[in-house]
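Below is the file final25.txt, which contains compact mmCIF, C-alpha atoms.
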# COMPACT_ATOMS: atom_id res chain seq x y z
CA MET A 214 20.69 11.13 -2.48
CA LYS A 215 17.86 8.63 -2.27
CA ASN A 216 14.96 9.37 0.04
CA GLU A 217 15.89 6.43 2.31
CA GLN A 218 19.29 8.05 2.92
CA ILE A 219 17.94 11.41 4.01
CA PRO A 220 18.64 12.13 7.69
CA LEU A 221 15.61 12.36 9.96
CA LYS A 222 16.42 15.99 10.76
CA ASN A 223 16.12 16.79 7.06
CA TYR A 224 12.72 15.10 6.88
CA ALA A 225 11.69 17.26 9.86
CA HIS A 226 12.97 20.37 8.09
CA ILE A 227 10.86 19.79 4.99
CA GLY A 228 7.97 18.39 7.03
CA ASP A 229 7.76 21.64 8.97
CA ALA A 230 7.35 23.60 5.73
CA VAL A 231 4.89 21.12 4.22
CA TRP A 232 2.75 21.18 7.37
CA GLU A 233 2.67 24.98 7.33
CA VAL A 234 1.53 24.99 3.69
CA PHE A 235 -1.22 22.49 4.57
CA VAL A 236 -2.40 24.74 7.40
CA ARG A 237 -2.19 27.88 5.27
CA GLU A 238 -4.25 26.22 2.53
CA TYR A 239 -6.86 25.54 5.19
CA THR A 240 -6.77 29.07 6.61
CA ILE A 241 -7.25 30.88 3.31
CA GLN A 242 -10.56 29.04 2.93
CA LYS A 243 -11.72 30.43 6.29
CA THR A 244 -11.05 34.17 6.09
CA SER A 245 -9.26 36.98 4.32
CA ASN A 246 -8.64 38.91 7.54
CA THR A 247 -4.86 38.90 8.04
CA LYS A 248 -5.03 38.92 11.86
CA ILE A 249 -7.36 35.93 11.86
CA LEU A 250 -5.25 34.15 9.20
CA HIS A 251 -2.20 34.59 11.39
CA LYS A 252 -4.00 33.41 14.53
CA ILE A 253 -5.44 30.30 12.87
CA THR A 254 -2.04 29.46 11.40
CA THR A 255 0.00 29.98 14.56
CA ASP A 256 -2.53 28.00 16.58
CA ARG A 257 -1.81 24.98 14.35
CA VAL A 258 1.85 25.42 13.43
CA ASN A 259 3.50 24.96 16.79
CA ALA A 260 4.99 22.15 18.82
CA SER A 261 2.00 21.60 21.12
CA PHE A 262 -0.46 21.27 18.26
CA GLN A 263 1.87 19.04 16.26
CA LYS A 264 2.25 16.78 19.32
CA GLU A 265 -1.57 16.51 19.44
CA MET A 266 -1.64 15.61 15.74
CA LEU A 267 0.96 12.89 16.29
CA ASP A 268 -1.15 11.48 19.13
CA LEU A 269 -4.16 11.54 16.79
CA ILE A 270 -2.49 9.63 13.93
CA THR A 271 -0.36 7.22 15.97
CA PRO A 272 -2.98 4.41 15.95
CA TYR A 273 -2.89 4.42 12.13
CA LEU A 274 0.89 4.16 11.71
CA THR A 275 2.64 1.14 10.26
CA GLU A 276 5.44 -0.57 12.17
CA GLU A 277 7.98 1.20 9.95
CA GLU A 278 6.38 4.58 10.61
CA SER A 279 6.19 3.89 14.36
CA GLU A 280 9.89 3.05 14.32
CA MET A 281 10.59 6.30 12.49
CA VAL A 282 8.65 8.17 15.20
CA ARG A 283 10.65 6.41 17.91
CA ARG A 284 13.94 7.34 16.25
CA ALA A 285 12.80 10.92 15.61
CA ARG A 286 11.85 11.39 19.26
CA ASN A 287 15.44 10.55 20.15
CA LEU A 288 16.98 13.25 17.95
CA SER A 289 19.10 15.80 19.79
CA ILE A 290 17.19 18.82 21.03
CA PRO A 291 18.48 22.38 20.53
CA VAL A 292 19.70 23.85 23.82
CA GLY A 293 16.94 26.49 24.02
CA ARG A 294 14.24 23.83 23.79
CA LYS A 295 15.51 21.35 26.34
CA ASN A 296 12.99 22.55 28.91
CA ILE A 297 10.07 21.51 26.66
CA GLN A 298 11.37 18.17 25.41
CA ALA A 299 8.09 16.39 26.17
CA THR A 300 6.40 18.64 23.62
CA TYR A 301 9.20 19.33 21.18
CA ARG A 302 10.30 15.70 20.59
CA PRO A 303 6.87 14.42 19.46
CA ALA A 304 6.38 17.54 17.33
CA THR A 305 9.68 16.81 15.61
CA ALA A 306 8.59 13.21 15.06
CA PHE A 307 5.36 14.50 13.47
CA GLU A 308 7.38 16.75 11.15
CA VAL A 309 9.62 13.79 10.23
CA LEU A 310 6.56 11.78 9.18
CA ILE A 311 5.10 14.65 7.16
CA GLY A 312 8.46 15.19 5.43
CA PHE A 313 8.93 11.49 4.76
CA TRP A 314 5.44 11.09 3.30
CA TYR A 315 5.81 14.24 1.24
CA LEU A 316 9.02 12.97 -0.35
CA CYS A 317 8.28 9.25 -0.48
CA ASP A 318 4.54 8.56 -0.34
CA LYS A 319 2.14 11.39 -1.19
CA VAL A 320 -0.81 8.98 -1.15
CA ARG A 321 -0.05 8.17 2.48
CA LEU A 322 0.35 11.87 3.23
CA GLU A 323 -3.08 12.59 1.76
CA TYR A 324 -4.54 9.71 3.81
CA PHE A 325 -3.35 11.37 7.01
CA TYR A 326 -4.37 14.82 5.85
CA ASN A 327 -7.89 13.42 5.42
CA ILE A 328 -7.86 12.03 8.97
CA ILE A 329 -6.68 15.40 10.28
CA ARG A 330 -9.24 17.34 8.21
CA GLU A 331 -12.01 15.32 9.88
CA THR A 332 -11.07 16.53 13.37
CA GLU A 333 -12.65 19.45 15.19
CA TYR A 334 -9.37 21.32 14.67
CA PHE A 335 -10.02 21.61 10.93
CA SER A 336 -13.80 21.66 10.64
Just dump the structure as structure tokens.
Amino acid sequence: MKNEQIPLKNYAHIGDAVWEVFVREYTIQKTSNTKILHKITTDRVNASFQKEMLDLITPYLTEEESEMVRRARNLSIPVGRKNIQATYRPATAFEVLIGFWYLCDKVRLEYFYNIIRETEYFS
């Protein structure tokens, strides 16, 4: 299967894992205390934080990427998460982008990682 044929939900699936690895790489540079590692990680690997990251990078997206975000926000939401759609949908769109860049354009992924690293969230 070519990368262009991968369903958006699959990009989100891999994007979730790739984002967590990015965050964990950051956290291991900060401390070796397991409680603090866990706290730093869970503070950044959740729907609310991922929504904030999408808001941060949105001005830098291409038209194609913005269209992908629009389509990803319209993916069906699991029943248990319907009450937090305003948070969950953008977080899923963020994961779709991360997954897409990871599989199709690692240079673009690194570009956005650099933007994110420059924020107060990763200083």
Counting all atoms listed in the file, find the residues whose atoms lie at most 12 Å from (4.5, 27.3, 11.8) (file coordinates) and write them out as JSON, numbers by chain. {"A": [226, 227, 228, 229, 230, 231, 232, 233, 234, 235, 236, 237, 251, 252, 253, 254, 255, 256, 257, 258, 259, 260, 261, 262, 263, 304, 308]}
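Using only C-alpha atoms, the set of residues no farther than 7 Å from the position (-2.7, 10.9, 10.8) comprises A:Met266, A:Leu267, A:Leu269, A:Ile270, A:Thr271, A:Tyr273, A:Phe325, A:Tyr326, A:Ile328, A:Ile329.
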Those residues with C-alpha atoms, as a PDB file, in the coordinates of the input please?
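Result file is result_20.pdb:
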ATOM      1  CA  MET A 266      -1.640  15.610  15.740  1.00  0.00           C
ATOM      2  CA  LEU A 267       0.960  12.890  16.290  1.00  0.00           C
ATOM      3  CA  LEU A 269      -4.160  11.540  16.790  1.00  0.00           C
ATOM      4  CA  ILE A 270      -2.490   9.630  13.930  1.00  0.00           C
ATOM      5  CA  THR A 271      -0.360   7.220  15.970  1.00  0.00           C
ATOM      6  CA  TYR A 273      -2.890   4.420  12.130  1.00  0.00           C
ATOM      7  CA  PHE A 325      -3.350  11.370   7.010  1.00  0.00           C
ATOM      8  CA  TYR A 326      -4.370  14.820   5.850  1.00  0.00           C
ATOM      9  CA  ILE A 328      -7.860  12.030   8.970  1.00  0.00           C
ATOM     10  CA  ILE A 329      -6.680  15.400  10.280  1.00  0.00           C
TER      11      ILE A 329
END
Which residue, A:Tyr315, A:Phe335, A:Tyr301, A:Tyr239, has the smallest gap to Asn287 in chain A when you use only C-alpha atoms? A:Tyr301
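If you look at CA of Val309 in chain A and CA of Ala285 in chain A, they are 6.9 Å away from each other.
Candidate residues A:Gln298, A:Glu265, A:Phe307, A:Thr244 were compared for distance to Arg283 in chain A, and the nearest is A:Phe307, using only C-alpha atoms.
The nearest approach to Asp268 in chain A among the residues A:Ile241, A:Leu288, A:Val282, A:Val320, with only C-alpha atoms taken into account, belongs to A:Val282.
CA of Ala225 in chain A lies 7.6 Å from CA of Ile311 in chain A.
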Written record: range 314-329 of chain A, all heavy atoms, as an mmCIF file, in the first residue's frame:
data_model
loop_
_atom_site.group_PDB
_atom_site.id
_atom_site.type_symbol
_atom_site.label_atom_id
_atom_site.label_comp_id
_atom_site.auth_asym_id
_atom_site.auth_seq_id
_atom_site.Cartn_x
_atom_site.Cartn_y
_atom_site.Cartn_z
ATOM 1 N N TRP A 314 3.633 12.868 8.096
ATOM 2 C CA TRP A 314 5.010 13.351 7.926
ATOM 3 C C TRP A 314 6.019 12.263 8.239
ATOM 4 O O TRP A 314 7.028 12.144 7.548
ATOM 5 C CB TRP A 314 5.266 14.569 8.807
ATOM 6 C CG TRP A 314 4.525 15.800 8.392
ATOM 7 C CD1 TRP A 314 4.211 16.185 7.110
ATOM 8 C CD2 TRP A 314 4.001 16.807 9.248
ATOM 9 N NE1 TRP A 314 3.528 17.369 7.144
ATOM 10 C CE2 TRP A 314 3.384 17.782 8.429
ATOM 11 C CE3 TRP A 314 3.993 16.981 10.629
ATOM 12 C CZ2 TRP A 314 2.775 18.908 8.958
ATOM 13 C CZ3 TRP A 314 3.384 18.101 11.153
ATOM 14 C CH2 TRP A 314 2.777 19.061 10.324
ATOM 15 N N TYR A 315 5.759 11.472 9.238
ATOM 16 C CA TYR A 315 6.680 10.392 9.605
ATOM 17 C C TYR A 315 6.842 9.401 8.452
ATOM 18 O O TYR A 315 7.953 8.973 8.143
ATOM 19 C CB TYR A 315 6.175 9.671 10.856
ATOM 20 C CG TYR A 315 7.036 8.502 11.239
ATOM 21 C CD1 TYR A 315 8.266 8.699 11.856
ATOM 22 C CD2 TYR A 315 6.628 7.199 10.973
ATOM 23 C CE1 TYR A 315 9.072 7.623 12.199
ATOM 24 C CE2 TYR A 315 7.421 6.119 11.314
ATOM 25 C CZ TYR A 315 8.641 6.333 11.926
ATOM 26 O OH TYR A 315 9.441 5.269 12.258
ATOM 27 N N LEU A 316 5.743 9.070 7.804
ATOM 28 C CA LEU A 316 5.794 8.088 6.713
ATOM 29 C C LEU A 316 6.185 8.693 5.370
ATOM 30 O O LEU A 316 6.789 8.013 4.542
ATOM 31 C CB LEU A 316 4.443 7.383 6.577
ATOM 32 C CG LEU A 316 4.044 6.493 7.747
ATOM 33 C CD1 LEU A 316 2.623 5.988 7.562
ATOM 34 C CD2 LEU A 316 5.021 5.335 7.903
ATOM 35 N N CYS A 317 5.858 9.963 5.160
ATOM 36 C CA CYS A 317 6.003 10.537 3.816
ATOM 37 C C CYS A 317 7.010 11.680 3.702
ATOM 38 O O CYS A 317 7.471 11.959 2.598
ATOM 39 C CB CYS A 317 4.643 11.060 3.337
ATOM 40 S SG CYS A 317 3.371 9.803 3.274
ATOM 41 N N ASP A 318 7.310 12.360 4.796
ATOM 42 C CA ASP A 318 8.157 13.551 4.682
ATOM 43 C C ASP A 318 8.839 13.849 6.021
ATOM 44 O O ASP A 318 8.448 14.749 6.755
ATOM 45 C CB ASP A 318 7.311 14.740 4.239
ATOM 46 C CG ASP A 318 8.142 15.935 3.803
ATOM 47 O OD1 ASP A 318 9.355 15.959 4.080
ATOM 48 O OD2 ASP A 318 7.559 16.851 3.192
ATOM 49 N N LYS A 319 9.887 13.106 6.317
ATOM 50 C CA LYS A 319 10.581 13.268 7.602
ATOM 51 C C LYS A 319 11.243 14.641 7.743
ATOM 52 O O LYS A 319 11.385 15.146 8.854
ATOM 53 C CB LYS A 319 11.576 12.139 7.799
ATOM 54 C CG LYS A 319 10.875 10.823 8.110
ATOM 55 C CD LYS A 319 11.814 9.772 8.595
ATOM 56 C CE LYS A 319 11.113 8.520 9.048
ATOM 57 N NZ LYS A 319 10.340 7.796 8.095
ATOM 58 N N VAL A 320 11.595 15.268 6.621
ATOM 59 C CA VAL A 320 12.160 16.621 6.688
ATOM 60 C C VAL A 320 11.093 17.584 7.209
ATOM 61 O O VAL A 320 11.371 18.430 8.064
ATOM 62 C CB VAL A 320 12.691 17.060 5.302
ATOM 63 C CG1 VAL A 320 13.084 18.532 5.302
ATOM 64 C CG2 VAL A 320 13.867 16.191 4.891
ATOM 65 N N ARG A 321 9.888 17.451 6.720
ATOM 66 C CA ARG A 321 8.785 18.300 7.183
ATOM 67 C C ARG A 321 8.475 18.011 8.654
ATOM 68 O O ARG A 321 8.225 18.938 9.435
ATOM 69 C CB ARG A 321 7.555 18.046 6.305
ATOM 70 C CG ARG A 321 6.429 19.012 6.518
ATOM 71 C CD ARG A 321 6.595 20.258 5.715
ATOM 72 N NE ARG A 321 5.365 21.043 5.763
ATOM 73 C CZ ARG A 321 5.335 22.344 5.960
ATOM 74 N NH1 ARG A 321 6.455 23.025 6.061
ATOM 75 N NH2 ARG A 321 4.194 22.985 6.006
ATOM 76 N N LEU A 322 8.522 16.759 9.039
ATOM 77 C CA LEU A 322 8.304 16.398 10.439
ATOM 78 C C LEU A 322 9.341 17.072 11.325
ATOM 79 O O LEU A 322 9.001 17.679 12.348
ATOM 80 C CB LEU A 322 8.367 14.871 10.619
ATOM 81 C CG LEU A 322 8.203 14.349 12.045
ATOM 82 C CD1 LEU A 322 6.839 14.712 12.624
ATOM 83 C CD2 LEU A 322 8.428 12.842 12.076
ATOM 84 N N GLU A 323 10.587 17.032 10.935
ATOM 85 C CA GLU A 323 11.652 17.659 11.719
ATOM 86 C C GLU A 323 11.464 19.180 11.776
ATOM 87 O O GLU A 323 11.731 19.802 12.805
ATOM 88 C CB GLU A 323 13.023 17.309 11.147
ATOM 89 C CG GLU A 323 14.174 17.701 12.033
ATOM 90 C CD GLU A 323 14.159 17.058 13.415
ATOM 91 O OE1 GLU A 323 13.723 15.908 13.566
ATOM 92 O OE2 GLU A 323 14.589 17.745 14.370
ATOM 93 N N TYR A 324 10.989 19.779 10.686
ATOM 94 C CA TYR A 324 10.696 21.215 10.667
ATOM 95 C C TYR A 324 9.697 21.568 11.770
ATOM 96 O O TYR A 324 9.903 22.518 12.529
ATOM 97 C CB TYR A 324 10.156 21.605 9.283
ATOM 98 C CG TYR A 324 9.603 22.999 9.202
ATOM 99 C CD1 TYR A 324 10.441 24.106 9.122
ATOM 100 C CD2 TYR A 324 8.224 23.214 9.188
ATOM 101 C CE1 TYR A 324 9.929 25.390 9.044
ATOM 102 C CE2 TYR A 324 7.703 24.495 9.110
ATOM 103 C CZ TYR A 324 8.559 25.577 9.031
ATOM 104 O OH TYR A 324 8.037 26.849 8.964
ATOM 105 N N PHE A 325 8.633 20.782 11.879
ATOM 106 C CA PHE A 325 7.625 21.064 12.896
ATOM 107 C C PHE A 325 8.108 20.705 14.289
ATOM 108 O O PHE A 325 7.781 21.389 15.260
ATOM 109 C CB PHE A 325 6.296 20.393 12.550
ATOM 110 C CG PHE A 325 5.562 21.147 11.485
ATOM 111 C CD1 PHE A 325 5.585 20.718 10.168
ATOM 112 C CD2 PHE A 325 4.898 22.323 11.787
ATOM 113 C CE1 PHE A 325 4.937 21.438 9.180
ATOM 114 C CE2 PHE A 325 4.245 23.054 10.808
ATOM 115 C CZ PHE A 325 4.268 22.611 9.494
ATOM 116 N N TYR A 326 8.899 19.652 14.407
ATOM 117 C CA TYR A 326 9.497 19.345 15.706
ATOM 118 C C TYR A 326 10.335 20.529 16.185
ATOM 119 O O TYR A 326 10.310 20.869 17.365
ATOM 120 C CB TYR A 326 10.387 18.103 15.614
ATOM 121 C CG TYR A 326 9.671 16.780 15.715
ATOM 122 C CD1 TYR A 326 10.352 15.601 15.460
ATOM 123 C CD2 TYR A 326 8.323 16.685 16.070
ATOM 124 C CE1 TYR A 326 9.724 14.367 15.555
ATOM 125 C CE2 TYR A 326 7.687 15.462 16.166
ATOM 126 C CZ TYR A 326 8.398 14.302 15.913
ATOM 127 O OH TYR A 326 7.779 13.087 16.014
ATOM 128 N N ASN A 327 11.064 21.158 15.288
ATOM 129 C CA ASN A 327 11.882 22.311 15.663
ATOM 130 C C ASN A 327 11.020 23.479 16.130
ATOM 131 O O ASN A 327 11.374 24.169 17.091
ATOM 132 C CB ASN A 327 12.801 22.725 14.517
ATOM 133 C CG ASN A 327 13.945 21.752 14.337
ATOM 134 O OD1 ASN A 327 14.378 21.091 15.272
ATOM 135 N ND2 ASN A 327 14.432 21.643 13.118
ATOM 136 N N ILE A 328 9.905 23.709 15.463
ATOM 137 C CA ILE A 328 8.980 24.768 15.900
ATOM 138 C C ILE A 328 8.473 24.447 17.301
ATOM 139 O O ILE A 328 8.462 25.310 18.191
ATOM 140 C CB ILE A 328 7.797 24.915 14.914
ATOM 141 C CG1 ILE A 328 8.284 25.502 13.597
ATOM 142 C CG2 ILE A 328 6.682 25.774 15.521
ATOM 143 C CD1 ILE A 328 7.251 25.492 12.488
ATOM 144 N N ILE A 329 8.086 23.210 17.521
ATOM 145 C CA ILE A 329 7.549 22.786 18.816
ATOM 146 C C ILE A 329 8.628 22.857 19.900
ATOM 147 O O ILE A 329 8.352 23.294 21.012
ATOM 148 C CB ILE A 329 6.937 21.374 18.691
ATOM 149 C CG1 ILE A 329 5.656 21.439 17.842
ATOM 150 C CG2 ILE A 329 6.667 20.772 20.056
ATOM 151 C CD1 ILE A 329 5.129 20.103 17.381
#
